[in-house]
Amino acid sequence: MKKIKQKLHSVLKLAQQMETKPRKYGTDIMLTGVEIHLIELVGDNDNSSVTDVAKLYGVTKGAISQRFKKLEHEKLIKKDTDPTNSSRAIVNLTSKGKVAYFAHKHWHETMEGGYTEYWKTLEPEKIAVIEEFLTKIELFFQRMLEIE
């Protein structure tokens, strides 16, 4: 049990470092994990509103608007008024945003290091155990956040 806790702690720490380490993703702009994942979300969901993106990302509209200000300033996204609802802003990637989007997709494809192949070799029972374990951890973290 101790080895699993240590390994989980190490994985979470590495994931946190990856989210905060900026990269250029084919542009001249340094983007954090949060920023590139917002670009990915916008790229995967053309013509979404700011509210839609906030819901998809699981944060408030205000939090998304704050992040979008930088991305818009850097000309990675553009916001336009929805022609069917003037109080709604539609978000899309600019050409520069699309470069970052596709560079990020390519980064994932090249940096996965055999991860996909490994999953293909696992027996369904092992995958079920991993899914159950991750679900338990997810529920634990959700409960901990509710307590605070």
# chains A, B, ... in the order shown; residues from 1 in each chain; ligands from 1
$ residues_around --residues "A:Tyr57" --least-positions-apart "3" --cutoff "8 Å" --atoms "only C-alpha atoms" --output "list in words"
Leu38, Leu41, Val53 and Ala54 of chain A
$ write_last_selection --atoms "C-alpha atoms" --output "mmCIF file, in the first residue's frame"
data_model
loop_
_atom_site.group_PDB
_atom_site.id
_atom_site.type_symbol
_atom_site.label_atom_id
_atom_site.label_comp_id
_atom_site.auth_asym_id
_atom_site.auth_seq_id
_atom_site.Cartn_x
_atom_site.Cartn_y
_atom_site.Cartn_z
ATOM 1 C CA LEU A 38 -8.655 25.565 -23.324
ATOM 2 C CA LEU A 41 -11.546 22.567 -25.962
ATOM 3 C CA VAL A 53 -16.780 26.301 -22.714
ATOM 4 C CA ALA A 54 -17.027 27.072 -18.982
#
$ residues_around --residues "A:Lys21" --least-positions-apart "2" --cutoff "8 Å" --atoms "only C-alpha atoms" --output "NGL selection string"
:A and (17-19 or 23 or 32-33)
$ write_last_selection --atoms "N, CA and C atoms" --output "PDB file, in the first residue's frame"
ATOM      1  N   GLN A  17       3.159  19.503 -12.468  1.00  0.00           N
ATOM      2  CA  GLN A  17       4.285  20.178 -13.109  1.00  0.00           C
ATOM      3  C   GLN A  17       4.047  20.336 -14.613  1.00  0.00           C
ATOM      4  N   MET A  18       3.481  19.310 -15.245  1.00  0.00           N
ATOM      5  CA  MET A  18       3.201  19.389 -16.680  1.00  0.00           C
ATOM      6  C   MET A  18       2.175  20.476 -16.985  1.00  0.00           C
ATOM      7  N   GLU A  19       1.180  20.644 -16.110  1.00  0.00           N
ATOM      8  CA  GLU A  19       0.146  21.649 -16.328  1.00  0.00           C
ATOM      9  C   GLU A  19       0.700  23.068 -16.227  1.00  0.00           C
ATOM     10  N   ARG A  23       4.892  25.801 -22.803  1.00  0.00           N
ATOM     11  CA  ARG A  23       5.480  25.350 -24.065  1.00  0.00           C
ATOM     12  C   ARG A  23       4.942  26.245 -25.173  1.00  0.00           C
ATOM     13  N   THR A  32       0.643  27.583 -20.941  1.00  0.00           N
ATOM     14  CA  THR A  32       0.589  26.589 -19.871  1.00  0.00           C
ATOM     15  C   THR A  32      -0.350  25.461 -20.284  1.00  0.00           C
ATOM     16  N   GLY A  33      -0.372  24.404 -19.508  1.00  0.00           N
ATOM     17  CA  GLY A  33      -1.276  23.290 -19.772  1.00  0.00           C
ATOM     18  C   GLY A  33      -2.729  23.724 -19.762  1.00  0.00           C
TER      19      GLY A  33
END
$ residues_around --residues "A:Lys75" --least-positions-apart "6" --cutoff "10 Å" --atoms "only C-alpha atoms" --output "PyMOL selection string"
chain A and resi 29+69+93-97
$ write_last_selection --atoms "C-alpha atoms" --output "short mmCIF file (atom, residue, chain, number, x, y, z; two decimals), in the first residue's frame"
data_model
loop_
_atom_site.label_atom_id
_atom_site.label_comp_id
_atom_site.auth_asym_id
_atom_site.auth_seq_id
_atom_site.Cartn_x
_atom_site.Cartn_y
_atom_site.Cartn_z
CA ILE A 29 3.58 32.26 -27.32
CA LYS A 69 -8.54 37.57 -22.18
CA LEU A 93 -9.65 29.65 -32.83
CA THR A 94 -7.72 32.07 -34.99
CA SER A 95 -5.22 30.70 -37.51
CA LYS A 96 -2.52 31.09 -34.83
CA GLY A 97 -4.78 29.25 -32.37
#
$ select_by_dssp --residues "chain A" --states "alpha helix (DSSP H)" --output "ChimeraX atom specification"
/A:2-20,33-44,50-57,61-73,95-111,115-121,124-147
$ residues_around --residues "A:Val91" --least-positions-apart "5" --cutoff "10 Å" --atoms "only C-alpha atoms" --output "MDAnalysis selection string"
chainID A and resid 42:43 45:53 68 72 77:82
$ write_last_selection --atoms "C-alpha atoms" --output "compact mmCIF listing (two decimals), in the first residue's frame"
# COMPACT_ATOMS: atom_id res chain seq x y z
CA VAL A 42 -12.38 25.51 -28.25
CA GLY A 43 -10.89 23.68 -31.25
CA ASN A 45 -16.12 22.54 -30.06
CA ASP A 46 -16.40 25.11 -32.87
CA ASN A 47 -18.79 28.01 -32.36
CA SER A 48 -19.27 27.37 -28.64
CA SER A 49 -20.22 30.18 -26.33
CA VAL A 50 -18.10 31.30 -23.39
CA THR A 51 -20.74 29.73 -21.13
CA ASP A 52 -20.57 26.43 -23.08
CA VAL A 53 -16.78 26.30 -22.71
CA PHE A 68 -9.77 33.98 -22.61
CA GLU A 72 -7.58 36.74 -27.18
CA ILE A 77 -8.88 32.87 -30.04
CA LYS A 78 -11.49 35.32 -31.24
CA LYS A 79 -14.86 36.11 -29.74
CA ASP A 80 -17.73 37.17 -31.92
CA THR A 81 -21.31 38.06 -31.07
CA ASP A 82 -23.72 35.24 -31.77
$ atom_distance --atom1 "atom CA of A:His73" --atom2 "atom CA of A:Val99"
16.1 Å
$ select_by_dssp --residues "stretch 5-108 of chain A" --states "strand (DSSP E)" --output "number ranges by chain"
A: 48-49, 77-82, 85-93
$ write_last_selection --atoms "C-alpha atoms" --output "CSV table (one decimal), in the first residue's frame"
chain,number,residue,atom,x,y,z
A,48,SER,CA,-19.3,27.4,-28.6
A,49,SER,CA,-20.2,30.2,-26.3
A,77,ILE,CA,-8.9,32.9,-30.0
A,78,LYS,CA,-11.5,35.3,-31.2
A,79,LYS,CA,-14.9,36.1,-29.7
A,80,ASP,CA,-17.7,37.2,-31.9
A,81,THR,CA,-21.3,38.1,-31.1
A,82,ASP,CA,-23.7,35.2,-31.8
A,85,ASN,CA,-28.4,36.0,-29.6
A,86,SER,CA,-26.6,39.4,-29.2
A,87,SER,CA,-25.9,38.8,-25.5
A,88,ARG,CA,-23.9,35.6,-26.3
A,89,ALA,CA,-20.3,35.5,-27.3
A,90,ILE,CA,-19.1,32.7,-29.7
A,91,VAL,CA,-15.5,31.6,-29.4
A,92,ASN,CA,-13.3,30.2,-32.2
A,93,LEU,CA,-9.6,29.6,-32.8
$ atom_distance --atom1 "atom CA of A:Glu123" --atom2 "atom CA of A:Ile4"
20.6 Å
$ closest_atom_pairs --of "stretch 63-123 of chain A" --to "stretch 127-146 of chain A" --cutoff "12 Å" --atoms "only C-alpha atoms" --output "CSV"
residue,atom,partner,partner_atom,distance
A:Tyr118,CA,A:Ile127,CA,11.2
A:Trp119,CA,A:Ile127,CA,8.2
A:Lys120,CA,A:Ile127,CA,10.0
A:Thr121,CA,A:Ile127,CA,10.1
A:Leu122,CA,A:Ile127,CA,6.6
A:Glu123,CA,A:Ile127,CA,6.5
